[in-house]
file upload.txt (compact mmCIF, C-alpha atoms)
# COMPACT_ATOMS: atom_id res chain seq x y z
CA MET A 23 -101.73 89.46 -11.88
CA SER A 24 -100.09 88.03 -14.98
CA GLU A 25 -99.13 90.22 -17.91
CA PRO A 26 -101.52 90.04 -20.91
CA LEU A 27 -100.27 87.91 -23.76
CA PRO A 28 -99.00 89.85 -26.79
CA PRO A 29 -101.34 89.64 -29.79
CA PHE A 30 -100.40 87.40 -32.67
CA GLN A 31 -99.30 88.97 -35.96
CA ALA A 32 -99.52 87.63 -39.50
CA PRO A 33 -96.33 85.67 -40.35
CA THR A 34 -93.49 87.55 -42.01
CA GLY A 35 -94.06 87.78 -45.73
CA THR A 36 -97.84 87.41 -45.50
CA HIS A 37 -100.58 90.01 -45.22
CA ASP A 38 -104.25 90.38 -44.40
CA VAL A 39 -106.70 91.94 -46.85
CA LEU A 40 -109.66 93.69 -45.24
CA GLY A 41 -112.46 95.84 -46.57
CA PRO A 42 -112.58 98.23 -48.30
CA ASP A 43 -109.33 97.03 -49.97
CA SER A 44 -110.83 93.59 -50.46
CA ALA A 45 -113.28 95.14 -52.93
CA LEU A 46 -110.30 95.78 -55.22
CA TRP A 47 -109.49 92.07 -55.06
CA GLU A 48 -113.09 91.06 -55.71
CA GLY A 49 -113.23 93.26 -58.77
CA LEU A 50 -109.94 91.97 -60.11
CA VAL A 51 -110.91 88.31 -59.73
CA GLY A 52 -114.44 88.93 -61.01
CA THR A 53 -113.18 90.73 -64.11
CA PHE A 54 -110.73 87.93 -64.86
CA ALA A 55 -113.41 85.27 -64.33
CA GLN A 56 -115.80 86.95 -66.75
CA ARG A 57 -113.11 87.40 -69.37
CA ALA A 58 -111.98 83.78 -69.02
CA TYR A 59 -115.60 82.63 -69.40
CA ARG A 60 -115.89 84.56 -72.67
CA TYR A 61 -112.84 82.67 -73.93
CA GLY A 62 -114.35 79.29 -73.04
CA PHE A 63 -112.44 78.64 -69.79
CA SER A 64 -113.92 77.03 -66.68
CA LEU A 65 -112.71 77.33 -63.09
CA VAL A 66 -110.42 74.60 -61.73
CA MET A 67 -109.61 74.19 -58.04
CA THR A 68 -106.71 72.03 -56.91
CA PRO A 69 -105.18 71.22 -53.49
CA ILE A 70 -102.96 73.81 -51.88
CA PHE A 71 -100.28 71.14 -51.38
CA GLU A 72 -99.14 68.35 -53.68
CA ASP A 73 -96.66 65.50 -53.76
CA VAL A 74 -93.33 67.28 -53.99
CA GLY A 75 -92.64 65.48 -57.28
CA VAL A 76 -95.45 67.41 -59.00
CA PHE A 77 -93.25 70.49 -58.75
CA THR A 78 -89.72 69.07 -58.91
CA ARG A 79 -90.31 67.20 -62.17
CA GLY A 80 -91.47 70.27 -64.02
CA ILE A 81 -89.75 73.14 -62.23
CA GLY A 82 -86.45 71.26 -61.95
CA GLU A 83 -84.52 70.13 -58.89
CA GLU A 84 -81.69 72.51 -59.76
CA SER A 85 -83.95 75.54 -59.96
CA ASP A 86 -83.75 78.33 -57.39
CA VAL A 87 -87.42 77.78 -56.62
CA PHE A 88 -86.87 74.18 -55.52
CA ARG A 89 -83.51 74.67 -53.80
CA ASN A 90 -84.26 77.90 -51.95
CA GLU A 91 -87.93 78.87 -52.08
CA MET A 92 -90.30 75.89 -51.86
CA TYR A 93 -92.06 74.98 -48.61
CA VAL A 94 -91.45 71.23 -48.38
CA PHE A 95 -92.63 69.08 -45.48
CA SER A 96 -93.38 65.50 -44.40
CA ASP A 97 -96.80 64.63 -43.02
CA ARG A 98 -97.47 62.19 -40.19
CA GLY A 99 -97.37 59.33 -42.65
CA GLU A 100 -93.88 60.40 -43.78
CA ARG A 101 -95.20 61.44 -47.20
CA ARG A 102 -93.28 64.31 -48.81
CA TYR A 103 -95.42 67.26 -49.85
CA ALA A 104 -94.88 70.84 -50.94
CA LEU A 105 -97.02 73.96 -50.74
CA ARG A 106 -97.84 75.15 -54.22
CA PRO A 107 -95.12 77.57 -55.50
CA GLU A 108 -97.03 78.29 -58.74
CA GLY A 109 -100.28 77.34 -60.45
CA THR A 110 -99.47 75.45 -63.64
CA ALA A 111 -98.05 72.18 -62.32
CA SER A 112 -101.10 71.45 -60.15
CA VAL A 113 -103.46 72.11 -63.05
CA VAL A 114 -101.50 69.77 -65.31
CA ARG A 115 -101.48 67.11 -62.57
CA ALA A 116 -105.28 67.41 -62.40
CA PHE A 117 -105.46 67.08 -66.19
CA VAL A 118 -103.35 63.91 -66.12
CA GLN A 119 -105.42 62.42 -63.31
CA HIS A 120 -108.92 63.19 -64.64
CA GLN A 121 -108.29 63.19 -68.42
CA PRO A 122 -110.89 65.79 -69.43
CA THR A 123 -111.86 66.26 -73.08
CA THR A 124 -109.27 68.25 -75.02
CA PRO A 125 -108.61 71.00 -75.70
CA TRP A 126 -109.14 71.63 -72.01
CA LYS A 127 -109.35 75.27 -70.94
CA ALA A 128 -109.10 76.02 -67.22
CA TRP A 129 -108.60 79.18 -65.17
CA TYR A 130 -107.71 79.47 -61.50
CA VAL A 131 -107.17 81.85 -58.60
CA THR A 132 -104.93 80.45 -55.92
CA PRO A 133 -102.46 81.28 -53.16
CA ALA A 134 -98.84 80.42 -53.97
CA PHE A 135 -95.94 80.08 -51.57
CA ARG A 136 -92.31 81.09 -51.97
CA TYR A 137 -89.79 81.39 -49.15
CA GLU A 138 -88.00 84.50 -50.32
CA ARG A 139 -87.29 88.02 -49.14
CA PRO A 140 -90.61 89.88 -49.19
CA GLN A 141 -90.61 92.62 -51.80
CA ALA A 142 -92.98 94.99 -53.57
CA GLY A 143 -96.03 93.03 -54.65
CA ARG A 144 -94.43 89.68 -53.81
CA TYR A 145 -95.07 87.90 -50.54
CA ARG A 146 -94.21 84.50 -49.14
CA GLN A 147 -97.90 83.79 -49.56
CA HIS A 148 -99.16 85.65 -52.58
CA TYR A 149 -102.08 85.11 -54.95
CA GLN A 150 -102.12 84.22 -58.61
CA LEU A 151 -104.69 84.40 -61.37
CA GLY A 152 -103.96 82.10 -64.26
CA ALA A 153 -105.25 80.17 -67.25
CA GLU A 154 -104.10 76.98 -68.97
CA VAL A 155 -104.99 75.19 -72.22
CA LEU A 156 -103.99 71.56 -72.72
CA GLY A 157 -104.37 69.30 -75.72
CA THR A 158 -103.32 71.34 -78.76
CA GLU A 159 -100.12 72.61 -80.39
CA ASP A 160 -101.97 75.15 -82.53
CA PRO A 161 -100.16 78.52 -82.40
CA THR A 162 -103.60 80.14 -82.56
CA VAL A 163 -104.07 79.01 -78.95
CA ASP A 164 -100.82 80.73 -77.97
CA VAL A 165 -102.26 83.92 -79.41
CA GLU A 166 -105.59 83.45 -77.61
CA VAL A 167 -103.94 82.92 -74.23
CA ILE A 168 -101.80 86.02 -74.68
CA ALA A 169 -104.87 87.97 -75.85
CA LEU A 170 -106.77 86.83 -72.76
CA ALA A 171 -104.06 88.30 -70.52
CA HIS A 172 -103.51 91.39 -72.67
CA GLY A 173 -107.21 92.26 -72.68
CA PHE A 174 -107.48 91.64 -68.94
CA PHE A 175 -104.83 94.25 -68.19
CA ARG A 176 -106.59 96.71 -70.46
CA GLU A 177 -109.98 95.92 -68.94
CA ILE A 178 -108.79 96.75 -65.42
CA GLY A 179 -107.48 100.09 -66.66
CA LEU A 180 -103.75 99.50 -67.12
CA THR A 181 -102.31 101.43 -70.08
CA ARG A 182 -98.57 101.22 -69.42
CA VAL A 183 -98.09 97.47 -69.82
CA ARG A 184 -95.82 96.02 -72.53
CA LEU A 185 -95.73 92.49 -73.93
CA LEU A 186 -92.35 90.75 -74.31
CA VAL A 187 -92.17 87.52 -76.36
CA ASN A 188 -89.60 84.88 -77.22
CA SER A 189 -89.36 81.25 -78.28
CA MET A 190 -87.34 78.64 -76.38
CA GLY A 191 -87.70 76.08 -79.14
CA HIS A 192 -88.34 72.41 -78.43
CA THR A 193 -86.03 69.94 -76.73
CA ALA A 194 -83.91 69.15 -79.79
CA CYS A 195 -83.13 72.63 -81.10
CA ARG A 196 -82.75 74.01 -77.61
CA ALA A 197 -80.17 71.32 -76.82
CA SER A 198 -78.02 72.45 -79.75
CA TYR A 199 -78.28 76.05 -78.60
CA VAL A 200 -77.36 75.15 -75.01
CA GLU A 201 -74.10 73.67 -76.30
CA LEU A 202 -73.25 76.94 -78.04
CA LEU A 203 -74.23 78.97 -74.99
CA SER A 204 -72.17 76.74 -72.70
CA GLU A 205 -69.07 77.23 -74.84
CA TYR A 206 -69.61 80.98 -74.76
CA LEU A 207 -70.21 81.13 -70.99
CA ALA A 208 -67.12 79.03 -70.34
CA GLU A 209 -65.05 81.73 -72.07
CA HIS A 210 -66.69 84.52 -70.03
CA GLN A 211 -67.47 82.88 -66.70
CA ASP A 212 -65.12 85.19 -64.79
CA GLU A 213 -67.36 88.10 -65.80
CA LEU A 214 -70.47 86.53 -64.25
CA VAL A 215 -71.74 87.09 -60.71
CA ASP A 216 -70.72 84.54 -58.10
CA GLU A 217 -74.02 82.67 -58.33
CA HIS A 218 -73.48 81.85 -62.00
CA ARG A 219 -69.68 81.69 -62.19
CA GLU A 220 -69.87 77.95 -61.67
CA GLY A 221 -73.62 77.45 -61.49
CA TRP A 222 -74.07 77.99 -65.23
CA ARG A 223 -72.79 74.45 -65.78
CA LEU A 224 -75.96 73.00 -64.23
CA ASN A 225 -78.31 75.05 -66.42
CA PRO A 226 -76.79 77.67 -68.74
CA LEU A 227 -80.23 79.07 -69.60
CA ARG A 228 -80.61 80.41 -66.08
CA VAL A 229 -77.86 82.94 -66.75
CA LEU A 230 -80.13 84.50 -69.39
CA ASP A 231 -82.74 85.05 -66.71
CA CYS A 232 -80.29 86.87 -64.42
CA LYS A 233 -81.01 90.61 -64.00
CA ASN A 234 -77.53 91.49 -62.70
CA GLU A 235 -75.80 94.04 -64.94
CA SER A 236 -72.63 91.99 -65.41
CA CYS A 237 -74.57 88.89 -66.46
CA VAL A 238 -76.78 90.96 -68.76
CA ALA A 239 -73.67 92.47 -70.38
CA VAL A 240 -72.15 89.01 -70.99
CA THR A 241 -75.25 87.34 -72.40
CA ALA A 242 -76.19 90.34 -74.54
CA LYS A 243 -73.12 89.64 -76.68
CA GLY A 244 -73.60 85.89 -76.79
CA PRO A 245 -75.69 83.60 -78.99
CA MET A 246 -79.47 83.99 -78.78
CA LEU A 247 -81.85 81.05 -78.84
CA VAL A 248 -84.27 82.71 -81.25
CA ASP A 249 -81.49 82.70 -83.88
CA HIS A 250 -81.01 78.93 -83.56
CA LEU A 251 -84.56 77.62 -83.79
CA CYS A 252 -85.29 74.67 -86.02
CA ALA A 253 -87.57 75.28 -89.04
CA GLU A 254 -90.62 73.85 -87.22
CA CYS A 255 -90.19 76.04 -84.12
CA ARG A 256 -89.39 79.08 -86.25
CA ASP A 257 -92.62 78.59 -88.20
CA HIS A 258 -94.60 78.19 -84.97
CA PHE A 259 -93.15 81.39 -83.55
CA ASP A 260 -93.74 83.32 -86.78
CA GLN A 261 -97.42 82.28 -86.68
CA VAL A 262 -97.71 83.50 -83.09
CA LEU A 263 -96.20 86.87 -84.02
CA ALA A 264 -98.46 87.15 -87.05
CA GLY A 265 -101.51 86.27 -84.94
CA LEU A 266 -100.70 88.92 -82.36
CA SER A 267 -100.19 91.50 -85.09
CA ALA A 268 -103.54 90.59 -86.65
CA LEU A 269 -105.24 91.33 -83.31
CA GLY A 270 -103.44 94.64 -82.98
CA ILE A 271 -101.43 93.44 -79.97
CA GLU A 272 -97.99 95.02 -79.96
CA SER A 273 -95.11 92.85 -78.80
CA THR A 274 -91.36 93.21 -78.37
CA LEU A 275 -88.90 90.39 -79.05
CA ALA A 276 -86.96 89.64 -75.85
CA PRO A 277 -84.33 87.03 -76.79
CA ARG A 278 -83.15 86.66 -73.16
CA LEU A 279 -86.67 85.80 -71.95
CA VAL A 280 -86.50 82.14 -70.90
CA ARG A 281 -88.72 82.22 -67.77
CA GLY A 282 -87.65 80.43 -64.62
CA PHE A 283 -88.94 76.86 -64.90
CA ASP A 284 -87.55 73.89 -66.79
CA TYR A 285 -90.89 72.89 -68.31
CA TYR A 286 -91.19 75.81 -70.77
CA SER A 287 -90.76 75.26 -74.51
CA ARG A 288 -91.44 77.28 -77.65
CA THR A 289 -93.54 80.39 -76.94
CA THR A 290 -92.65 82.33 -73.79
CA PHE A 291 -94.02 85.74 -72.88
CA GLU A 292 -94.12 88.31 -70.11
CA PHE A 293 -96.09 91.47 -69.39
CA VAL A 294 -94.18 94.30 -67.73
CA ALA A 295 -95.65 97.44 -66.15
CA ASP A 296 -93.60 100.55 -66.87
CA ALA A 297 -95.25 102.33 -63.94
CA LEU A 298 -93.39 100.01 -61.53
CA ASP A 299 -89.71 99.81 -60.66
CA ALA A 300 -87.85 97.94 -63.41
CA ALA A 301 -86.51 95.32 -61.00
CA GLN A 302 -90.02 94.24 -59.97
CA ASN A 303 -92.23 95.21 -62.90
CA ALA A 304 -93.48 91.86 -64.22
CA VAL A 305 -97.27 91.64 -63.77
CA GLY A 306 -97.79 88.34 -65.59
CA GLY A 307 -96.17 85.81 -67.85
CA GLY A 308 -96.14 82.27 -69.09
CA GLY A 309 -95.54 80.10 -72.09
CA ARG A 310 -95.88 76.74 -73.72
CA TYR A 311 -95.02 73.50 -71.93
CA ASP A 312 -95.25 70.60 -74.35
CA THR A 313 -93.62 67.95 -72.11
CA LEU A 314 -94.98 68.70 -68.62
CA ALA A 315 -97.95 66.32 -68.77
CA GLU A 316 -95.63 63.48 -69.72
CA GLN A 317 -93.23 64.42 -66.91
CA LEU A 318 -96.15 64.08 -64.49
CA GLY A 319 -97.01 60.58 -65.70
CA GLY A 320 -99.49 61.37 -68.44
CA LYS A 321 -99.54 60.96 -72.19
CA PRO A 322 -97.59 63.47 -74.27
CA THR A 323 -99.86 66.53 -74.32
CA SER A 324 -99.13 70.07 -75.44
CA GLY A 325 -100.07 72.91 -73.14
CA ILE A 326 -99.77 76.65 -72.70
CA GLY A 327 -100.73 79.05 -69.94
CA PHE A 328 -99.88 82.09 -67.89
CA GLY A 329 -100.04 83.39 -64.35
CA SER A 330 -100.43 86.88 -62.93
CA GLY A 331 -99.79 88.03 -59.36
CA VAL A 332 -102.78 89.79 -57.83
CA GLU A 333 -100.69 91.95 -55.48
CA ARG A 334 -98.35 93.06 -58.26
CA VAL A 335 -101.26 93.93 -60.56
CA LEU A 336 -102.89 96.04 -57.84
CA LEU A 337 -99.57 97.83 -57.33
CA ALA A 338 -99.45 98.58 -61.05
CA ARG A 339 -102.99 99.99 -60.94
CA ALA A 340 -102.08 102.19 -57.99
CA ALA A 341 -98.88 103.33 -59.74
CA GLU A 342 -101.00 104.46 -62.68
CA GLY A 343 -103.32 106.31 -60.32
CA ILE A 344 -106.19 103.79 -60.61
CA VAL A 345 -107.67 103.22 -57.17
CA THR A 346 -111.36 102.72 -57.90
CA PRO A 347 -112.86 99.25 -57.35
CA LEU A 348 -113.99 97.30 -60.41
CA LEU A 349 -117.20 96.20 -58.68
CA LYS A 350 -119.84 98.25 -56.88
CA ARG A 351 -119.54 97.53 -53.20
CA SER A 352 -121.72 100.09 -51.39
CA LEU A 353 -124.82 99.88 -49.24
CA ASP A 354 -128.23 100.84 -50.54
CA VAL A 355 -130.01 101.33 -47.23
CA PHE A 356 -129.24 101.45 -43.52
CA VAL A 357 -132.04 100.53 -41.12
CA VAL A 358 -132.16 102.66 -37.97
CA ASP A 359 -134.38 101.09 -35.28
CA THR A 360 -135.02 102.35 -31.75
CA THR A 361 -137.97 100.03 -30.98
CA GLY A 362 -136.27 96.64 -30.71
CA ASP A 363 -139.32 95.13 -32.41
CA VAL A 364 -138.72 91.68 -33.93
CA GLY A 365 -140.51 92.79 -37.09
CA VAL A 366 -137.55 95.01 -37.96
CA ALA A 367 -135.41 91.91 -38.50
CA ARG A 368 -138.09 90.70 -40.94
CA LEU A 369 -137.88 94.01 -42.83
CA VAL A 370 -134.09 93.76 -43.07
CA GLU A 371 -134.33 90.21 -44.38
CA ASP A 372 -137.04 91.15 -46.92
CA LEU A 373 -134.84 93.95 -48.28
CA ARG A 374 -131.82 91.68 -48.59
CA SER A 375 -133.86 88.93 -50.24
CA ALA A 376 -135.08 91.48 -52.78
CA GLY A 377 -131.50 92.27 -53.78
CA VAL A 378 -131.11 95.44 -51.71
CA ALA A 379 -127.74 95.84 -49.94
CA THR A 380 -128.89 96.48 -46.38
CA GLU A 381 -127.17 97.04 -43.03
CA ARG A 382 -128.46 97.88 -39.57
CA ALA A 383 -127.16 98.89 -36.15
CA TYR A 384 -127.00 96.59 -33.15
CA ASP A 385 -126.82 96.79 -29.35
CA GLN A 386 -129.93 99.02 -28.99
CA ARG A 387 -128.00 102.22 -29.53
CA SER A 388 -129.62 105.68 -29.55
CA MET A 389 -131.11 107.26 -32.67
CA LYS A 390 -128.25 109.78 -32.77
CA ALA A 391 -125.57 107.07 -32.50
CA GLN A 392 -127.25 104.94 -35.17
CA MET A 393 -127.53 107.90 -37.56
CA LYS A 394 -123.80 108.57 -37.21
CA VAL A 395 -123.12 104.96 -38.23
CA ALA A 396 -125.60 105.25 -41.12
CA ASP A 397 -123.89 108.42 -42.40
CA LYS A 398 -120.46 106.72 -42.33
CA SER A 399 -121.75 103.51 -43.93
CA GLY A 400 -121.99 105.03 -47.41
CA ALA A 401 -125.65 104.01 -47.74
CA ARG A 402 -127.89 106.16 -49.90
CA TRP A 403 -130.98 105.96 -47.68
CA ALA A 404 -131.68 105.49 -44.00
CA LEU A 405 -134.89 103.73 -43.02
CA LEU A 406 -135.97 105.02 -39.62
CA ILE A 407 -138.27 103.03 -37.35
CA GLY A 408 -139.21 104.58 -34.01
CA PRO A 409 -142.26 104.07 -31.79
CA GLU A 410 -144.33 106.42 -33.94
CA GLU A 411 -143.49 104.63 -37.20
CA LEU A 412 -144.04 101.23 -35.59
CA ALA A 413 -147.51 102.18 -34.37
CA ALA A 414 -148.49 103.58 -37.79
CA GLY A 415 -147.11 100.64 -39.76
CA GLU A 416 -144.78 103.01 -41.62
CA VAL A 417 -141.09 103.68 -42.21
CA THR A 418 -139.43 107.09 -42.43
CA MET A 419 -137.17 107.11 -45.47
CA LYS A 420 -134.30 109.62 -45.36
CA ASP A 421 -132.02 110.42 -48.31
CA LEU A 422 -128.57 110.62 -46.72
CA ARG A 423 -127.05 112.26 -49.78
CA SER A 424 -129.61 115.01 -50.36
CA GLU A 425 -128.81 118.64 -49.47
CA ASP A 426 -132.51 119.58 -49.45
CA PHE A 427 -133.83 118.64 -46.02
CA ASN A 428 -137.49 119.09 -47.04
CA GLN A 429 -137.17 116.55 -49.85
CA ALA A 430 -134.77 114.25 -48.03
CA GLN A 431 -137.37 112.64 -45.78
CA SER A 432 -140.71 110.94 -46.40
CA ARG A 433 -143.01 108.36 -44.84
CA VAL A 434 -143.67 105.08 -46.66
CA ALA A 435 -146.02 102.26 -45.66
CA ARG A 436 -144.18 99.23 -44.24
CA SER A 437 -145.89 97.01 -46.85
CA GLU A 438 -144.57 99.18 -49.69
CA ILE A 439 -141.03 99.91 -48.52
CA VAL A 440 -139.32 97.07 -50.41
CA SER A 441 -140.93 97.94 -53.74
CA THR A 442 -140.25 101.64 -53.16
CA VAL A 443 -136.54 101.05 -52.58
CA GLN A 444 -136.31 98.73 -55.59
CA GLU A 445 -137.94 101.37 -57.79
CA LEU A 446 -135.54 104.06 -56.58
CA LEU A 447 -132.55 101.80 -57.27
CA THR A 448 -133.58 101.46 -60.94
CA LYS A 449 -133.58 105.23 -61.50
call {"tool": "encode", "arguments": {"input": "upload.txt", "output": "structure tokens"}}
result
Amino acid sequence: MSEPLPPFQAPTGTHDVLGPDSALWEGLVGTFAQRAYRYGFSLVMTPIFEDVGVFTRGIGEESDVFRNEMYVFSDRGERRYALRPEGTASVVRAFVQHQPTTPWKAWYVTPAFRYERPQAGRYRQHYQLGAEVLGTEDPTVDVEVIALAHGFFREIGLTRVRLLVNSMGHTACRASYVELLSEYLAEHQDELVDEHREGWRLNPLRVLDCKNESCVAVTAKGPMLVDHLCAECRDHFDQVLAGLSALGIESTLAPRLVRGFDYYSRTTFEFVADALDAAQNAVGGGGRYDTLAEQLGGKPTSGIGFGSGVERVLLARAAEGIVTPLLKRSLDVFVVDTTGDVGVARLVEDLRSAGVATERAYDQRSMKAQMKVADKSGARWALLIGPEELAAGEVTMKDLRSEDFNQAQSRVARSEIVSTVQELLTK
């Protein structure tokens, strides 16, 4: 007799989400969706894979994401595709292709893929919530997008989240700054970690994003981009800061905050959760990308957006001691049937159609076995149907949460059970 085959496991760096934990996810996504709707955003859904150029043009072929983390493959027609490493590029590609009326506001929830060492709240397949606005340079929109994210974190109960902001300027003023930074890094390259000792020549700004202590020490003493903005970018940034202040949103200037992708310009921001370890405490971030649409073949179009990792946000909630779901996900009634009568299925369907969360037992189990399942289900009431109830056209209604046995159980006519349950649910 052959040995049984070993069961398959989820791939390394991925994870399954089952109930009741999935209720936390539902609540998170539902809360974000409602908040985005109040801000005028609509849901956008894009393919999970794109032409590899959608990501390389914006993210940059020299970025760590492209060189080390993207899942790139050829299909049977020898076309080169990539699994989505982040949400923005696909949304902008959809904007370029379909040309919706501007300003276009879109939100999304999507899996994203990065081949990297799995870590707290970050998987090789993880999930992102995000929002994008395309078609306006108005700094008021920058403020609105940040306020959308800021309010979302507050709405899900997080209280130890800080907002970091910076400006990367536009192409012209950033180019002048990069020259200054390059000169400075050339003088201090021996103090950088191996990765940046020579790599800074390809993109000096990436050294600012390095969290290694030696790199932080070097760049902390060097020139900062925010001090070299042109008058136009300085004015834009000042209006963003003033707008945040007017809304009572506290922010901290983070001059080393450049984000990880080449497409960012002007406003950049990040939300960090102090309840998490400092090395992995970012729960969301984004910025303005005023050239990405053009890089993807469209007309010059300003844009701004942000993304937030679902797993990381849930970790932050847990770290703050918040474990309750954001949506009610509990049963109202559990139908216990020992008759096997086909009319019981009709009763279950009538309850569900009336908006009552209803479950039942299967496999013709005993009354005792079914009641054990009903007690564990979390339902408030059990509806008991035995031969006696069936013959009388009635249902025994038992309150599973009552300590008073005499008041916990009553008989209700089968024709009135749906309305009776509905009435009880409104109390």
call {"tool": "residues_around", "arguments": {"input": "upload.txt", "residues": "range 164-174 of chain A", "least_positions_apart": "4", "cutoff": "9 Å", "atoms": "only C-alpha atoms", "output": "MDAnalysis selection string"}}
result
chainID A and resid 53:54 57:58 61 152:155 159:160 178:180 183:185 261:263 265:266 269 271 289 291 293 306:310 326:330
call {"tool": "residues_around", "arguments": {"input": "upload.txt", "residues": "Ala404 in chain A", "least_positions_apart": "4", "cutoff": "6 Å", "atoms": "all atoms listed in the file", "output": "PDB file with C-alpha atoms, in the frame of the given file"}}
result
ATOM      1  CA  VAL A 355    -130.010 101.330 -47.230  1.00  0.00           C
ATOM      2  CA  PHE A 356    -129.240 101.450 -43.520  1.00  0.00           C
ATOM      3  CA  VAL A 357    -132.040 100.530 -41.120  1.00  0.00           C
ATOM      4  CA  MET A 419    -137.170 107.110 -45.470  1.00  0.00           C
ATOM      5  CA  LYS A 420    -134.300 109.620 -45.360  1.00  0.00           C
TER       6      LYS A 420
END
call {"tool": "residues_around", "arguments": {"input": "upload.txt", "residues": "Gly377 in chain A", "least_positions_apart": "6", "cutoff": "10 Å", "atoms": "only C-alpha atoms", "output": "list in words"}}
result
Asp354, Val440 and Gln444 of chain A
call {"tool": "atom_distance", "arguments": {"input": "upload.txt", "atom1": "CA of Glu213 in chain A", "atom2": "CA of Glu235 in chain A"}}
result
10.4 Å
call {"tool": "atom_distance", "arguments": {"input": "upload.txt", "atom1": "CA of Val240 in chain A", "atom2": "CA of Asp212 in chain A"}}
result
10.1 Å
call {"tool": "closest_residue", "arguments": {"input": "upload.txt", "among": "A:Leu156, A:Met393, A:Leu50, A:Ala142", "to": "Leu314 in chain A", "atoms": "only C-alpha atoms"}}
result
A:Leu156
call {"tool": "closest_residue", "arguments": {"input": "upload.txt", "among": "A:Met190, A:Arg402, A:Cys255, A:Val358", "to": "Pro277 in chain A", "atoms": "only C-alpha atoms"}}
result
A:Met190
call {"tool": "atom_distance", "arguments": {"input": "upload.txt", "atom1": "CA of Trp222 in chain A", "atom2": "CA of Thr313 in chain A"}}
result
23.0 Å
call {"tool": "residues_around", "arguments": {"input": "upload.txt", "residues": "Gly244 in chain A", "least_positions_apart": "2", "cutoff": "8 Å", "atoms": "only C-alpha atoms", "output": "PDB file with C-alpha atoms, in the frame of the given file"}}
result
ATOM      1  CA  LEU A 203     -74.230  78.970 -74.990  1.00  0.00           C
ATOM      2  CA  TYR A 206     -69.610  80.980 -74.760  1.00  0.00           C
ATOM      3  CA  VAL A 240     -72.150  89.010 -70.990  1.00  0.00           C
ATOM      4  CA  THR A 241     -75.250  87.340 -72.400  1.00  0.00           C
ATOM      5  CA  ALA A 242     -76.190  90.340 -74.540  1.00  0.00           C
ATOM      6  CA  MET A 246     -79.470  83.990 -78.780  1.00  0.00           C
TER       7      MET A 246
END
call {"tool": "build_atoms", "arguments": {"input": "upload.txt", "residues": "range 103-115 of chain A", "atoms": "N, CA and C atoms", "output": "PDB file, in the frame of the given file"}}
result
ATOM      1  N   TYR A 103     -94.547  66.341 -49.146  1.00  0.00           N
ATOM      2  CA  TYR A 103     -95.420  67.260 -49.850  1.00  0.00           C
ATOM      3  C   TYR A 103     -94.756  68.631 -49.966  1.00  0.00           C
ATOM      4  N   ALA A 104     -95.346  69.463 -50.807  1.00  0.00           N
ATOM      5  CA  ALA A 104     -94.880  70.840 -50.940  1.00  0.00           C
ATOM      6  C   ALA A 104     -96.085  71.754 -51.107  1.00  0.00           C
ATOM      7  N   LEU A 105     -96.014  72.936 -50.482  1.00  0.00           N
ATOM      8  CA  LEU A 105     -97.020  73.960 -50.740  1.00  0.00           C
ATOM      9  C   LEU A 105     -96.816  74.487 -52.153  1.00  0.00           C
ATOM     10  N   ARG A 106     -97.887  74.749 -52.814  1.00  0.00           N
ATOM     11  CA  ARG A 106     -97.840  75.150 -54.220  1.00  0.00           C
ATOM     12  C   ARG A 106     -97.007  76.419 -54.425  1.00  0.00           C
ATOM     13  N   PRO A 107     -95.902  76.358 -55.214  1.00  0.00           N
ATOM     14  CA  PRO A 107     -95.120  77.570 -55.500  1.00  0.00           C
ATOM     15  C   PRO A 107     -95.634  78.327 -56.717  1.00  0.00           C
ATOM     16  N   GLU A 108     -96.457  77.673 -57.532  1.00  0.00           N
ATOM     17  CA  GLU A 108     -97.030  78.290 -58.740  1.00  0.00           C
ATOM     18  C   GLU A 108     -98.225  77.462 -59.171  1.00  0.00           C
ATOM     19  N   GLY A 109     -99.002  77.961 -60.141  1.00  0.00           N
ATOM     20  CA  GLY A 109    -100.280  77.340 -60.450  1.00  0.00           C
ATOM     21  C   GLY A 109    -100.282  76.257 -61.505  1.00  0.00           C
ATOM     22  N   THR A 110     -99.376  76.316 -62.469  1.00  0.00           N
ATOM     23  CA  THR A 110     -99.470  75.450 -63.640  1.00  0.00           C
ATOM     24  C   THR A 110     -99.335  73.968 -63.328  1.00  0.00           C
ATOM     25  N   ALA A 111     -98.325  73.596 -62.553  1.00  0.00           N
ATOM     26  CA  ALA A 111     -98.050  72.180 -62.320  1.00  0.00           C
ATOM     27  C   ALA A 111     -99.250  71.452 -61.715  1.00  0.00           C
ATOM     28  N   SER A 112     -99.935  72.083 -60.774  1.00  0.00           N
ATOM     29  CA  SER A 112    -101.100  71.450 -60.150  1.00  0.00           C
ATOM     30  C   SER A 112    -102.223  71.249 -61.160  1.00  0.00           C
ATOM     31  N   VAL A 113    -102.417  72.229 -62.047  1.00  0.00           N
ATOM     32  CA  VAL A 113    -103.460  72.110 -63.050  1.00  0.00           C
ATOM     33  C   VAL A 113    -103.145  70.967 -64.016  1.00  0.00           C
ATOM     34  N   VAL A 114    -101.890  70.852 -64.403  1.00  0.00           N
ATOM     35  CA  VAL A 114    -101.500  69.770 -65.310  1.00  0.00           C
ATOM     36  C   VAL A 114    -101.624  68.426 -64.616  1.00  0.00           C
ATOM     37  N   ARG A 115    -101.283  68.355 -63.328  1.00  0.00           N
ATOM     38  CA  ARG A 115    -101.480  67.110 -62.570  1.00  0.00           C
ATOM     39  C   ARG A 115    -102.944  66.715 -62.569  1.00  0.00           C
TER      40      ARG A 115
END
